[in-house]
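Reproduced below: upload_33.cif, with mmCIF, N, CA, C and O atoms.
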data_start
#
loop_
_atom_site.label_atom_id
_atom_site.label_comp_id
_atom_site.auth_asym_id
_atom_site.auth_seq_id
_atom_site.Cartn_x
_atom_site.Cartn_y
_atom_site.Cartn_z
N MET A 1 101.57 116.30 111.38
CA MET A 1 102.65 116.03 112.29
C MET A 1 103.91 115.69 111.50
O MET A 1 103.88 114.90 110.56
N LYS A 2 105.02 116.28 111.90
CA LYS A 2 106.29 116.10 111.22
C LYS A 2 106.94 114.78 111.64
O LYS A 2 107.01 114.46 112.81
N MET A 3 107.42 114.03 110.63
CA MET A 3 108.13 112.78 110.91
C MET A 3 109.62 113.07 111.01
O MET A 3 110.16 113.88 110.26
N HIS A 4 110.31 112.39 111.91
CA HIS A 4 111.74 112.62 112.09
C HIS A 4 112.58 111.90 111.05
O HIS A 4 113.63 112.36 110.67
N ASN A 5 112.11 110.76 110.58
CA ASN A 5 112.86 110.01 109.59
C ASN A 5 111.89 109.39 108.57
O ASN A 5 111.75 108.17 108.51
N PRO A 6 111.24 110.24 107.79
CA PRO A 6 110.27 109.71 106.84
C PRO A 6 110.96 108.92 105.73
O PRO A 6 112.10 109.21 105.37
N PRO A 7 110.28 107.93 105.18
CA PRO A 7 110.87 107.16 104.09
C PRO A 7 110.90 108.00 102.81
O PRO A 7 110.10 108.92 102.63
N HIS A 8 111.83 107.67 101.94
CA HIS A 8 111.87 108.31 100.63
C HIS A 8 110.62 107.86 99.88
O HIS A 8 110.19 106.71 100.00
N PRO A 9 109.99 108.75 99.10
CA PRO A 9 108.78 108.36 98.36
C PRO A 9 108.99 107.14 97.45
O PRO A 9 108.05 106.40 97.19
N GLY A 10 110.22 106.94 97.00
CA GLY A 10 110.49 105.77 96.17
C GLY A 10 110.21 104.46 96.90
O GLY A 10 109.75 103.49 96.29
N GLU A 11 110.48 104.44 98.21
CA GLU A 11 110.18 103.25 99.01
C GLU A 11 108.68 102.99 99.03
O GLU A 11 108.23 101.84 98.96
N ILE A 12 107.91 104.06 99.16
CA ILE A 12 106.45 103.94 99.19
C ILE A 12 105.95 103.40 97.85
O ILE A 12 105.09 102.51 97.82
N ILE A 13 106.46 103.95 96.77
CA ILE A 13 106.05 103.49 95.44
C ILE A 13 106.34 101.99 95.30
O ILE A 13 105.48 101.22 94.85
N GLN A 14 107.54 101.60 95.68
CA GLN A 14 107.95 100.20 95.55
C GLN A 14 107.07 99.28 96.39
O GLN A 14 106.51 98.30 95.89
N GLN A 15 106.93 99.62 97.68
CA GLN A 15 106.25 98.72 98.62
C GLN A 15 104.73 98.74 98.51
O GLN A 15 104.09 97.70 98.70
N LEU A 16 104.15 99.91 98.27
CA LEU A 16 102.69 100.00 98.30
C LEU A 16 102.03 100.06 96.93
O LEU A 16 100.81 99.89 96.83
N CYS A 17 102.82 100.29 95.90
CA CYS A 17 102.23 100.40 94.55
C CYS A 17 102.70 99.28 93.62
O CYS A 17 101.88 98.56 93.07
N LEU A 18 104.01 99.15 93.46
CA LEU A 18 104.52 98.17 92.49
C LEU A 18 104.42 96.73 92.99
O LEU A 18 103.91 95.86 92.28
N GLU A 19 104.93 96.46 94.18
CA GLU A 19 104.95 95.09 94.69
C GLU A 19 103.56 94.46 94.79
O GLU A 19 103.38 93.33 94.33
N PRO A 20 102.56 95.15 95.36
CA PRO A 20 101.23 94.52 95.44
C PRO A 20 100.63 94.19 94.07
O PRO A 20 99.85 93.24 93.96
N LEU A 21 101.00 94.96 93.06
CA LEU A 21 100.47 94.72 91.72
C LEU A 21 101.37 93.81 90.90
O LEU A 21 101.05 93.49 89.75
N GLY A 22 102.50 93.42 91.46
CA GLY A 22 103.43 92.56 90.75
C GLY A 22 104.06 93.23 89.54
O GLY A 22 104.40 92.55 88.57
N LEU A 23 104.23 94.55 89.62
CA LEU A 23 104.79 95.30 88.48
C LEU A 23 106.31 95.35 88.56
O LEU A 23 106.87 95.57 89.63
N THR A 24 106.95 95.20 87.41
CA THR A 24 108.39 95.41 87.34
C THR A 24 108.64 96.90 87.14
O THR A 24 107.72 97.66 86.79
N VAL A 25 109.87 97.31 87.33
CA VAL A 25 110.23 98.71 87.10
C VAL A 25 109.96 99.08 85.64
O VAL A 25 109.42 100.15 85.35
N THR A 26 110.30 98.20 84.73
CA THR A 26 110.10 98.46 83.30
C THR A 26 108.62 98.63 82.98
O THR A 26 108.24 99.57 82.27
N GLU A 27 107.77 97.75 83.52
CA GLU A 27 106.33 97.85 83.27
C GLU A 27 105.75 99.14 83.85
O GLU A 27 104.96 99.82 83.21
N ALA A 28 106.16 99.46 85.07
CA ALA A 28 105.64 100.66 85.72
C ALA A 28 106.11 101.91 84.99
O ALA A 28 105.32 102.85 84.79
N ALA A 29 107.37 101.94 84.59
CA ALA A 29 107.90 103.10 83.86
C ALA A 29 107.14 103.31 82.56
O ALA A 29 106.77 104.44 82.22
N ARG A 30 106.90 102.23 81.85
CA ARG A 30 106.15 102.32 80.59
C ARG A 30 104.75 102.87 80.84
O ARG A 30 104.28 103.76 80.13
N ALA A 31 104.09 102.36 81.87
CA ALA A 31 102.73 102.81 82.19
C ALA A 31 102.71 104.28 82.62
O ALA A 31 101.75 105.00 82.31
N LEU A 32 103.75 104.71 83.31
CA LEU A 32 103.82 106.11 83.76
C LEU A 32 104.27 107.05 82.65
O LEU A 32 104.17 108.26 82.79
N GLY A 33 104.81 106.49 81.57
CA GLY A 33 105.28 107.33 80.46
C GLY A 33 106.62 107.98 80.73
O GLY A 33 106.89 109.08 80.26
N VAL A 34 107.46 107.29 81.52
CA VAL A 34 108.80 107.79 81.83
C VAL A 34 109.81 106.69 81.52
O VAL A 34 109.44 105.53 81.32
N SER A 35 111.07 107.05 81.49
CA SER A 35 112.10 106.05 81.23
C SER A 35 112.30 105.16 82.46
O SER A 35 112.00 105.55 83.59
N ARG A 36 112.81 103.97 82.21
CA ARG A 36 113.12 103.05 83.29
C ARG A 36 114.17 103.68 84.22
O ARG A 36 114.09 103.55 85.43
N LYS A 37 115.11 104.39 83.63
CA LYS A 37 116.16 105.06 84.40
C LYS A 37 115.58 106.09 85.36
O LYS A 37 115.99 106.17 86.52
N THR A 38 114.61 106.86 84.89
CA THR A 38 113.96 107.87 85.73
C THR A 38 113.26 107.23 86.92
O THR A 38 113.45 107.65 88.07
N LEU A 39 112.46 106.22 86.65
CA LEU A 39 111.73 105.57 87.74
C LEU A 39 112.68 104.85 88.68
O LEU A 39 112.53 104.93 89.91
N SER A 40 113.68 104.18 88.14
CA SER A 40 114.65 103.48 88.97
C SER A 40 115.38 104.44 89.91
O SER A 40 115.61 104.13 91.08
N SER A 41 115.69 105.62 89.41
CA SER A 41 116.35 106.63 90.23
C SER A 41 115.49 107.02 91.43
O SER A 41 115.99 107.16 92.55
N ILE A 42 114.20 107.17 91.20
CA ILE A 42 113.28 107.51 92.29
C ILE A 42 113.17 106.34 93.27
O ILE A 42 113.25 106.52 94.49
N LEU A 43 112.98 105.14 92.74
CA LEU A 43 112.82 103.97 93.59
C LEU A 43 114.05 103.71 94.46
O LEU A 43 113.93 103.22 95.58
N ASN A 44 115.22 104.08 93.96
CA ASN A 44 116.46 103.87 94.70
C ASN A 44 116.84 105.07 95.57
O ASN A 44 117.93 105.10 96.14
N GLY A 45 115.97 106.06 95.65
CA GLY A 45 116.20 107.21 96.53
C GLY A 45 117.19 108.22 95.99
O GLY A 45 117.63 109.11 96.72
N ARG A 46 117.57 108.12 94.73
CA ARG A 46 118.51 109.08 94.14
C ARG A 46 117.79 110.24 93.47
O ARG A 46 118.38 111.29 93.27
N GLY A 47 116.55 110.04 93.10
CA GLY A 47 115.76 111.09 92.46
C GLY A 47 114.55 111.41 93.29
O GLY A 47 114.14 110.61 94.14
N GLY A 48 113.98 112.57 93.05
CA GLY A 48 112.82 113.00 93.81
C GLY A 48 111.56 113.03 92.97
O GLY A 48 111.61 112.86 91.75
N ILE A 49 110.46 113.26 93.63
CA ILE A 49 109.16 113.37 92.97
C ILE A 49 108.95 114.80 92.53
O ILE A 49 108.83 115.70 93.36
N SER A 50 108.92 115.03 91.23
CA SER A 50 108.64 116.35 90.68
C SER A 50 107.12 116.54 90.62
O SER A 50 106.36 115.56 90.74
N PRO A 51 106.66 117.77 90.44
CA PRO A 51 105.22 117.97 90.29
C PRO A 51 104.62 117.14 89.15
O PRO A 51 103.55 116.54 89.29
N GLU A 52 105.34 117.05 88.02
CA GLU A 52 104.82 116.24 86.90
C GLU A 52 104.76 114.76 87.27
O GLU A 52 103.77 114.08 86.97
N MET A 53 105.79 114.26 87.93
CA MET A 53 105.77 112.85 88.34
C MET A 53 104.66 112.61 89.35
O MET A 53 104.01 111.56 89.33
N ALA A 54 104.43 113.57 90.23
CA ALA A 54 103.34 113.45 91.20
C ALA A 54 102.00 113.29 90.49
O ALA A 54 101.16 112.49 90.89
N ILE A 55 101.81 114.04 89.42
CA ILE A 55 100.57 113.93 88.65
C ILE A 55 100.49 112.56 87.97
O ILE A 55 99.44 111.91 87.99
N ARG A 56 101.60 112.12 87.39
CA ARG A 56 101.62 110.80 86.75
C ARG A 56 101.26 109.70 87.76
O ARG A 56 100.45 108.81 87.47
N LEU A 57 101.88 109.76 88.93
CA LEU A 57 101.59 108.76 89.97
C LEU A 57 100.14 108.84 90.43
O LEU A 57 99.51 107.80 90.67
N SER A 58 99.62 110.04 90.54
CA SER A 58 98.23 110.20 90.99
C SER A 58 97.25 109.59 90.00
O SER A 58 96.26 108.97 90.40
N ILE A 59 97.55 109.73 88.72
CA ILE A 59 96.69 109.14 87.70
C ILE A 59 96.80 107.61 87.73
O ILE A 59 95.79 106.90 87.73
N ALA A 60 98.03 107.11 87.76
CA ALA A 60 98.27 105.67 87.70
C ALA A 60 97.73 104.92 88.91
O ALA A 60 97.20 103.81 88.77
N PHE A 61 97.86 105.50 90.09
CA PHE A 61 97.52 104.78 91.31
C PHE A 61 96.31 105.36 92.06
O PHE A 61 96.10 105.03 93.23
N SER A 62 95.55 106.20 91.39
CA SER A 62 94.33 106.78 91.98
C SER A 62 94.59 107.42 93.34
O SER A 62 93.92 107.15 94.34
N THR A 63 95.61 108.27 93.36
CA THR A 63 95.96 109.02 94.57
C THR A 63 95.90 110.50 94.21
O THR A 63 95.36 110.86 93.17
N THR A 64 96.46 111.35 95.04
CA THR A 64 96.52 112.77 94.71
C THR A 64 97.97 113.17 94.47
O THR A 64 98.89 112.62 95.10
N ALA A 65 98.15 114.12 93.60
CA ALA A 65 99.49 114.65 93.35
C ALA A 65 100.03 115.30 94.63
O ALA A 65 101.21 115.18 94.94
N GLU A 66 99.15 115.94 95.37
CA GLU A 66 99.55 116.60 96.62
C GLU A 66 100.14 115.62 97.62
O GLU A 66 101.09 115.95 98.34
N SER A 67 99.60 114.42 97.67
CA SER A 67 100.12 113.43 98.63
C SER A 67 101.55 113.04 98.29
O SER A 67 102.39 112.89 99.19
N TRP A 68 101.86 112.91 97.01
CA TRP A 68 103.22 112.56 96.59
C TRP A 68 104.18 113.71 96.85
O TRP A 68 105.30 113.50 97.32
N LEU A 69 103.74 114.92 96.55
CA LEU A 69 104.60 116.08 96.80
C LEU A 69 104.82 116.30 98.30
O LEU A 69 105.91 116.68 98.73
N SER A 70 103.80 116.03 99.09
CA SER A 70 103.93 116.16 100.54
C SER A 70 104.95 115.16 101.08
O SER A 70 105.76 115.50 101.94
N GLN A 71 104.90 113.93 100.59
CA GLN A 71 105.88 112.93 101.02
C GLN A 71 107.30 113.36 100.66
O GLN A 71 108.21 113.21 101.47
N GLN A 72 107.46 113.91 99.46
CA GLN A 72 108.79 114.36 99.03
C GLN A 72 109.26 115.51 99.91
O GLN A 72 110.41 115.56 100.35
N LEU A 73 108.36 116.46 100.18
CA LEU A 73 108.70 117.60 101.02
C LEU A 73 109.09 117.16 102.44
O LEU A 73 110.09 117.64 102.98
N GLN A 74 108.34 116.24 103.01
CA GLN A 74 108.66 115.74 104.36
C GLN A 74 110.04 115.07 104.37
O GLN A 74 110.82 115.28 105.30
N TYR A 75 110.32 114.28 103.34
CA TYR A 75 111.62 113.62 103.25
C TYR A 75 112.75 114.64 103.14
O TYR A 75 113.73 114.58 103.87
N ASP A 76 112.59 115.60 102.21
CA ASP A 76 113.62 116.61 101.98
C ASP A 76 113.85 117.46 103.23
O ASP A 76 114.99 117.76 103.59
N LEU A 77 112.77 117.85 103.88
CA LEU A 77 112.89 118.69 105.07
C LEU A 77 113.58 117.94 106.22
O LEU A 77 114.41 118.50 106.92
N ALA A 78 113.25 116.67 106.39
CA ALA A 78 113.90 115.88 107.44
C ALA A 78 115.41 115.78 107.19
O ALA A 78 116.21 115.88 108.12
N LYS A 79 115.80 115.60 105.93
CA LYS A 79 117.22 115.53 105.59
C LYS A 79 117.91 116.86 105.87
O LYS A 79 119.01 116.91 106.42
N ALA A 80 117.26 117.96 105.51
CA ALA A 80 117.83 119.29 105.75
C ALA A 80 117.91 119.58 107.25
O ALA A 80 118.91 120.13 107.73
N GLU A 81 116.87 119.21 108.00
CA GLU A 81 116.86 119.43 109.45
C GLU A 81 117.99 118.68 110.14
O GLU A 81 118.54 119.15 111.14
N SER A 82 118.36 117.54 109.61
CA SER A 82 119.43 116.76 110.23
C SER A 82 120.78 117.48 110.12
O SER A 82 121.70 117.16 110.86
N LYS A 83 120.87 118.47 109.27
CA LYS A 83 122.10 119.24 109.09
C LYS A 83 122.01 120.64 109.71
O LYS A 83 122.88 121.47 109.52
N ARG A 84 120.94 120.89 110.45
CA ARG A 84 120.68 122.21 111.01
C ARG A 84 121.86 122.76 111.81
O ARG A 84 122.23 123.92 111.67
N ARG A 85 122.48 121.93 112.61
CA ARG A 85 123.56 122.41 113.49
C ARG A 85 124.81 122.80 112.72
O ARG A 85 125.66 123.51 113.25
N THR A 86 124.94 122.34 111.50
CA THR A 86 126.14 122.67 110.71
C THR A 86 125.96 123.96 109.91
O THR A 86 126.93 124.46 109.34
N LEU A 87 124.75 124.49 109.90
CA LEU A 87 124.49 125.72 109.13
C LEU A 87 125.01 126.94 109.88
O LEU A 87 124.79 127.08 111.08
N ARG A 88 125.71 127.77 109.19
CA ARG A 88 126.24 129.01 109.77
C ARG A 88 125.32 130.16 109.37
O ARG A 88 125.45 130.73 108.29
N VAL A 89 124.38 130.45 110.24
CA VAL A 89 123.39 131.49 109.98
C VAL A 89 123.36 132.45 111.16
O VAL A 89 123.31 132.02 112.32
N LYS A 90 123.38 133.73 110.87
CA LYS A 90 123.30 134.73 111.93
C LYS A 90 121.84 135.07 112.14
O LYS A 90 121.09 135.34 111.20
N LYS A 91 121.42 135.05 113.40
CA LYS A 91 120.03 135.37 113.76
C LYS A 91 119.86 136.88 113.78
O LYS A 91 120.71 137.59 114.30
N PHE A 92 118.77 137.35 113.20
CA PHE A 92 118.46 138.78 113.23
C PHE A 92 117.76 139.11 114.54
O PHE A 92 116.91 138.37 115.01
N ALA A 93 118.14 140.23 115.11
CA ALA A 93 117.50 140.70 116.35
C ALA A 93 116.30 141.54 115.98
O ALA A 93 116.30 142.28 115.02
N ALA A 94 115.26 141.40 116.78
CA ALA A 94 114.05 142.21 116.57
C ALA A 94 114.35 143.65 116.90
O ALA A 94 115.10 143.96 117.82
N ALA A 95 113.76 144.57 116.15
CA ALA A 95 114.01 146.00 116.36
C ALA A 95 113.24 146.54 117.52
O ALA A 95 112.27 146.11 117.97
#

Written as structure tokens, how would this file's structure read?
Amino acid sequence: MKMHNPPHPGEIIQQLCLEPLGLTVTEAARALGVSRKTLSSILNGRGGISPEMAIRLSIAFSTTAESWLSQQLQYDLAKAESKRRTLRVKKFAAA
């Protein structure tokens, strides 16, 4: 089922992964093997979950890479759908 306003995956990471474990951004970034800047960007909703980051998260938090990519896709699609009316697209007629 499609969500109309899904949270950014960074919110999920912060609330369901880092906070319960008492991890700082620096500690989590080090454990994930990424820079603090990279993780901070995701947590603040400025960056997205790449396939590689999805794999890193799946290993670190015993989840699936697909679940992280699905969350990112739902978020991105909801943002794009909110701009649907501003798109100038001509509909093709069936032959």

*Could you expand the PyMOL selection byres (((chain A and resi 61 and name CA) around 12) and name CA) into the explicit residues it covers here, written as an MDAnalysis selection string?*
chainID A and resid 12:13 16:18 20:21 28 31:32 53:60 62:65 67:68

*So how far away is atom CA of A:Arg85 from atom CA of A:Ser41, in Å?*
29.0 Å

*Radius query 12 Å about (108.7, 103.6, 101.2), atoms used: only C-alpha atoms, as a PyMOL selection string*: chain A and resi 5-19+42-45+68+71-72+75

*Any idea what the distance is between atom CA of A:Ala78 and atom O of A:Ser40?*
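Interatomic distance here is 20.2 Å.
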
*Please measure the separation of atom O of A:Lys91 and atom O of A:Lys79, giving the value in Å to one decimal.*
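These atoms are spaced 22.2 Å apart.
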
*Nearest-residue call for A:Glu27, choices A:Leu39, A:Leu73, A:Lys83, A:Phe92, using only C-alpha atoms*: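 Going through A:Leu39, A:Leu73, A:Lys83, A:Phe92 one by one, the smallest distance to A:Glu27 is for A:Leu39.
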